[in-house]
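Peer 1: One structure follows; several queries about it will come next.
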Amino acid sequence: MLHPIRKSEVFERIVDTPMHDQAFVLSDEEKIKKIEFHFTQILDTLGLNLTDDSLNKTPHRVAKMYVKEIFSGLDPKNKPEISLFENKYGYKRMLVEKDITLYSNCEHHFVPIIGKAHVAYIPGEHVIGLSKINRIVQYYAKRPQVQERLTIQIAAGLKEILHHDDIAVLIEADHLCVASRGIKDTGSKTITASYSGQFENETLQQEFLSQVQHHK
């Protein structure tokens with residue numbers, strides 16, 4: 001008997017980072033060794049002299065950086081453990097954490113996305129430690145990304161932790177795939193947003209936007 005697919009399951013498939021079934025078979029060290037081998041082939045194909053002392057360790061450095069740093073968010077074992085605290089003060093107004101530094105990489109050209117994330121939620125019975133919001137943002141950013149998906153993933157991650165939907169996420173970022181290649185437009189920014197729960201109310205959205213906008 002076929003079971004109907006829940007809407008939540010469909011949503012998870014849409015917003016999840018596309019990965020194949022064998023993504024976690026190799027250990028980190030095995031991944032580093034394999035990437036190092038292939039990156040050596042890339043540099044050699046480009047005509048670089050890998051016996052030069054400035055280049056001979058570059059494949060290993062890049063491989064380690066990919067696995068341990070800039071793409072570490074691909075591995076669920078690196079998802080930060082988040083503790084909630086009782087909302088002892090009964091604070092029920094919007095709580096905003098803005099200007100969270102964001103570094104990611106465009107999955108189309110593997111060049112940096114650099115920007116700021118602004119996150120807000122309405123506390124219920126519990127609150128989340130402020131630094132943990134930053135960690136959630138950085139966890140999902142440390143993947144090959146598109147900004148739209150990143151925005152939704154951060155919101156979904158916070159909903160899962162807080163057990164409610166009263167979440168707003170706004171990201172404004174520079175994409176080096178636009179600035180450093182192709183059209184080479186260094187003046188444009190990309191802005192994406194996710195509003196759910198109480199934040200679907202336009203008045204609350206405007207209050208959130210007024211909190212995060214930059215006054216000169």
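Here's how to read the names in the structure tokens: chain A, B, ... by the order shown, residue numbers from 1 in each chain, ligand numbers from 1 in the order shown.
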So that I can check the surroundings of Glu29 in chain A, please list as JSON, numbers by chain every protein, DNA and RNA residue that reaches within 10 Å of it, counting only C-alpha atoms and ignoring chain neighbours fewer than 2 positions away.
Peer 2: {"A": [26, 27, 31, 32, 33, 34, 35, 63, 64, 67, 68]}
Peer 1: The selected residues should be written to file as a PDB file, in the first residue's frame (atoms: C-alpha atoms).
Peer 2:
ATOM      1  CA  LEU A  26      34.094   8.444   3.296  1.00  0.00           C
ATOM      2  CA  SER A  27      35.730   9.822   6.427  1.00  0.00           C
ATOM      3  CA  LYS A  31      37.678  13.065   1.500  1.00  0.00           C
ATOM      4  CA  ILE A  32      40.676  15.359   2.007  1.00  0.00           C
ATOM      5  CA  LYS A  33      43.002  12.848   0.352  1.00  0.00           C
ATOM      6  CA  LYS A  34      40.677  12.411  -2.622  1.00  0.00           C
ATOM      7  CA  ILE A  35      40.084  16.137  -3.134  1.00  0.00           C
ATOM      8  CA  ALA A  63      41.196  20.012   0.339  1.00  0.00           C
ATOM      9  CA  LYS A  64      41.411  20.530   4.108  1.00  0.00           C
ATOM     10  CA  VAL A  67      36.155  19.593   4.214  1.00  0.00           C
ATOM     11  CA  LYS A  68      36.951  21.168   7.589  1.00  0.00           C
TER      12      LYS A  68
END
Peer 1: Excluding Tyr139 in chain A and any residue of its chain fewer than 5 positions from it, enumerate the residues within 8 Å of it, using only C-alpha atoms, and give them as a list in words.
Peer 2: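 These residues fall inside the cut-off: Ser72, Gly73, Asn78, Lys79 and Pro80 of chain A.
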Peer 1: Let's have the selection written as an mmCIF file, in the first residue's frame, with C-alpha atoms.
Peer 2:
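In the end it all went to again_6.cif:
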data_model
loop_
_atom_site.group_PDB
_atom_site.id
_atom_site.type_symbol
_atom_site.label_atom_id
_atom_site.label_comp_id
_atom_site.auth_asym_id
_atom_site.auth_seq_id
_atom_site.Cartn_x
_atom_site.Cartn_y
_atom_site.Cartn_z
ATOM 1 C CA SER A 72 31.735 21.680 6.786
ATOM 2 C CA GLY A 73 28.005 22.440 6.933
ATOM 3 C CA ASN A 78 28.805 19.485 12.462
ATOM 4 C CA LYS A 79 25.330 20.856 13.186
ATOM 5 C CA PRO A 80 25.637 22.944 16.384
#
Peer 1: To one decimal in Å, tell me the separation between CA of His175 in chain A and CA of Lys116 in chain A.
Peer 2: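 Interatomic distance, CA of His175 in chain A to CA of Lys116 in chain A: 12.1 Å.
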Peer 1: Measuring between only C-alpha atoms, which one of A:Phe71, A:Phe24, A:Tyr121, A:Phe199 shows the shortest distance to Arg93 in chain A?
Peer 2: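 Looking only at the distances to Arg93 in chain A, the closest residue turns out to be A:Tyr121.
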Peer 1: Can you list every residue of range 16-120 of chain A that has an atom at most 10 Å from range 182-193 of chain A, with its nearest atom pair and the distance in Å to one decimal, using only C-alpha atoms, ordered by chain then number, as a Markdown table?
Peer 2:
| residue | atom | partner | partner_atom | distance |
| --- | --- | --- | --- | --- |
| A:Ile113 | CA | A:Thr190 | CA | 9.9 |
| A:Ile114 | CA | A:Lys189 | CA | 9.9 |
| A:Gly115 | CA | A:Lys189 | CA | 8.9 |
| A:Lys116 | CA | A:Ile191 | CA | 9.9 |
| A:Ala117 | CA | A:Ala193 | CA | 9.7 |
| A:His118 | CA | A:Ala193 | CA | 9.3 |
| A:Val119 | CA | A:Ala193 | CA | 9.8 |
Peer 1: Take the residues from that selection and write them out as an mmCIF file, in the first residue's frame, keeping C-alpha atoms.
Peer 2:
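And here is the file that came out, selection-v9.cif:
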data_model
loop_
_atom_site.group_PDB
_atom_site.id
_atom_site.type_symbol
_atom_site.label_atom_id
_atom_site.label_comp_id
_atom_site.auth_asym_id
_atom_site.auth_seq_id
_atom_site.Cartn_x
_atom_site.Cartn_y
_atom_site.Cartn_z
ATOM 1 C CA ILE A 113 28.894 34.934 -1.220
ATOM 2 C CA ILE A 114 29.584 37.607 1.401
ATOM 3 C CA GLY A 115 26.900 39.381 3.351
ATOM 4 C CA LYS A 116 24.808 39.861 6.461
ATOM 5 C CA ALA A 117 21.925 37.865 7.891
ATOM 6 C CA HIS A 118 19.229 39.387 10.086
ATOM 7 C CA VAL A 119 17.103 37.037 12.170
#
Peer 1: Applying 12 Å and only C-alpha atoms, which residues near Phe39 in chain A remain after dropping the ones on its own chain fewer than 2 positions away? List them as a list in words.
Peer 2: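 That gives Lys31, Ile32, Lys33, Lys34, Ile35, Glu36, Phe37, Gln41, Ile42, Leu43, Asp44, Thr45, Leu46, Leu48, Leu50, Leu55, Asn56, Lys57, Thr58, Pro59, His60, Arg61, Val62, Ala63, Lys64 and Tyr66 of chain A.
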Peer 1: Write a file of the just-selected residues containing N, CA and C atoms, as a short mmCIF file (atom, residue, chain, number, x, y, z; two decimals), in the first residue's frame.
Peer 2:
data_model
loop_
_atom_site.label_atom_id
_atom_site.label_comp_id
_atom_site.auth_asym_id
_atom_site.auth_seq_id
_atom_site.Cartn_x
_atom_site.Cartn_y
_atom_site.Cartn_z
N LYS A 31 38.14 12.01 2.41
CA LYS A 31 37.68 13.06 1.50
C LYS A 31 38.81 14.04 1.18
N ILE A 32 39.56 14.43 2.20
CA ILE A 32 40.68 15.36 2.01
C ILE A 32 41.69 14.77 1.04
N LYS A 33 42.03 13.50 1.22
CA LYS A 33 43.00 12.85 0.35
C LYS A 33 42.52 12.80 -1.09
N LYS A 34 41.23 12.51 -1.27
CA LYS A 34 40.68 12.41 -2.62
C LYS A 34 40.61 13.78 -3.29
N ILE A 35 40.15 14.78 -2.57
CA ILE A 35 40.08 16.14 -3.13
C ILE A 35 41.49 16.65 -3.44
N GLU A 36 42.43 16.36 -2.56
CA GLU A 36 43.82 16.78 -2.80
C GLU A 36 44.34 16.20 -4.11
N PHE A 37 44.07 14.93 -4.37
CA PHE A 37 44.51 14.30 -5.62
C PHE A 37 43.90 15.01 -6.83
N GLN A 41 45.42 17.58 -9.99
CA GLN A 41 45.23 17.42 -11.43
C GLN A 41 44.75 18.72 -12.07
N ILE A 42 43.89 19.45 -11.36
CA ILE A 42 43.39 20.72 -11.88
C ILE A 42 44.52 21.73 -12.03
N LEU A 43 45.32 21.87 -10.98
CA LEU A 43 46.42 22.83 -11.04
C LEU A 43 47.44 22.45 -12.11
N ASP A 44 47.71 21.16 -12.22
CA ASP A 44 48.65 20.69 -13.24
C ASP A 44 48.10 20.97 -14.64
N THR A 45 46.79 20.78 -14.83
CA THR A 45 46.16 21.04 -16.12
C THR A 45 46.24 22.52 -16.49
N LEU A 46 46.16 23.38 -15.46
CA LEU A 46 46.28 24.82 -15.69
C LEU A 46 47.71 25.24 -16.01
N LEU A 48 50.40 24.98 -13.82
CA LEU A 48 51.14 25.47 -12.66
C LEU A 48 52.21 24.45 -12.23
N LEU A 50 53.86 22.57 -9.63
CA LEU A 50 53.57 22.16 -8.26
C LEU A 50 54.81 21.80 -7.46
N LEU A 55 53.42 26.53 -4.11
CA LEU A 55 52.29 25.77 -4.63
C LEU A 55 52.25 24.31 -4.19
N ASN A 56 53.38 23.78 -3.74
CA ASN A 56 53.42 22.32 -3.57
C ASN A 56 52.49 21.78 -2.48
N LYS A 57 52.08 22.63 -1.56
CA LYS A 57 51.14 22.17 -0.53
C LYS A 57 49.72 22.73 -0.72
N THR A 58 49.54 23.45 -1.82
CA THR A 58 48.23 24.06 -2.09
C THR A 58 47.10 23.04 -2.22
N PRO A 59 47.28 21.93 -2.94
CA PRO A 59 46.17 20.96 -3.04
C PRO A 59 45.71 20.45 -1.68
N HIS A 60 46.64 20.19 -0.77
CA HIS A 60 46.25 19.72 0.56
C HIS A 60 45.55 20.82 1.34
N ARG A 61 46.07 22.05 1.24
CA ARG A 61 45.45 23.16 1.96
C ARG A 61 44.01 23.38 1.49
N VAL A 62 43.81 23.33 0.18
CA VAL A 62 42.47 23.53 -0.37
C VAL A 62 41.54 22.40 0.05
N ALA A 63 42.02 21.16 -0.03
CA ALA A 63 41.20 20.01 0.34
C ALA A 63 40.78 20.09 1.81
N LYS A 64 41.72 20.42 2.68
CA LYS A 64 41.41 20.53 4.11
C LYS A 64 40.43 21.67 4.36
N TYR A 66 38.17 22.84 2.27
CA TYR A 66 36.85 22.44 1.78
C TYR A 66 36.12 21.58 2.82
#
Peer 1: Enumerate, as a PyMOL selection string, the complete set of residues in range 10-148 of chain A that a backbone-based DSSP assignment places in alpha helix (DSSP H).
Peer 2: chain A and resi 10-15+28-45+58-65+130-141+147-148
Peer 1: I'd like to know which of A:Ser196, A:Gln211, A:Ser131, A:Gln22 is closest to Glu81 in chain A, using only C-alpha atoms.
Peer 2: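 Closest candidate: A:Ser131.
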Peer 1: Under the rule that only C-alpha atoms are counted, which of A:Ala168, A:Ile82, A:Leu158, A:Met19 is the nearest residue to Gln206 in chain A?
Peer 2: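 Answer, going by the shortest atom-to-atom distance: A:Ala168.
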Peer 1: What are the nearest atom pairs, with distances in Å to one decimal, for all residues of range 1-105 of chain A that come at most 8 Å from range 123-129 of chain A, using only C-alpha atoms, set out by chain and rising residue number as JSON lines?
Peer 2:
{"residue": "A:Ile82", "atom": "CA", "partner": "A:Ile128", "partner_atom": "CA", "distance": 7.7}
{"residue": "A:Ser83", "atom": "CA", "partner": "A:Ile128", "partner_atom": "CA", "distance": 6.8}
{"residue": "A:Leu84", "atom": "CA", "partner": "A:Ile128", "partner_atom": "CA", "distance": 4.9}
{"residue": "A:Phe85", "atom": "CA", "partner": "A:Val127", "partner_atom": "CA", "distance": 5.3}
{"residue": "A:Glu86", "atom": "CA", "partner": "A:His126", "partner_atom": "CA", "distance": 4.5}
{"residue": "A:Asn87", "atom": "CA", "partner": "A:His126", "partner_atom": "CA", "distance": 4.6}
{"residue": "A:Gly90", "atom": "CA", "partner": "A:Glu125", "partner_atom": "CA", "distance": 7.7}
{"residue": "A:Tyr91", "atom": "CA", "partner": "A:Pro123", "partner_atom": "CA", "distance": 6.6}
{"residue": "A:Lys92", "atom": "CA", "partner": "A:Pro123", "partner_atom": "CA", "distance": 5.5}
{"residue": "A:Arg93", "atom": "CA", "partner": "A:Pro123", "partner_atom": "CA", "distance": 7.1}
{"residue": "A:Met94", "atom": "CA", "partner": "A:Pro123", "partner_atom": "CA", "distance": 7.3}
{"residue": "A:Leu95", "atom": "CA", "partner": "A:Pro123", "partner_atom": "CA", "distance": 7.3}
Peer 1: Go ahead and write the selection's residues with C-alpha atoms as a PDB file, in the first residue's frame.
Peer 2:
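Okay, this is what ended up in part.pdb:
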ATOM      1  CA  ILE A  82      21.452  24.244  20.629  1.00  0.00           C
ATOM      2  CA  SER A  83      20.133  24.632  24.166  1.00  0.00           C
ATOM      3  CA  LEU A  84      16.985  26.552  24.972  1.00  0.00           C
ATOM      4  CA  PHE A  85      16.442  28.563  28.128  1.00  0.00           C
ATOM      5  CA  GLU A  86      13.232  29.148  29.995  1.00  0.00           C
ATOM      6  CA  ASN A  87      11.699  32.512  29.148  1.00  0.00           C
ATOM      7  CA  GLY A  90       7.915  36.489  29.974  1.00  0.00           C
ATOM      8  CA  TYR A  91       9.398  38.465  27.085  1.00  0.00           C
ATOM      9  CA  LYS A  92       6.916  38.250  24.210  1.00  0.00           C
ATOM     10  CA  ARG A  93       8.080  40.977  21.818  1.00  0.00           C
ATOM     11  CA  MET A  94      10.181  40.523  18.731  1.00  0.00           C
ATOM     12  CA  LEU A  95      13.819  39.638  19.407  1.00  0.00           C
TER      13      LEU A  95
END
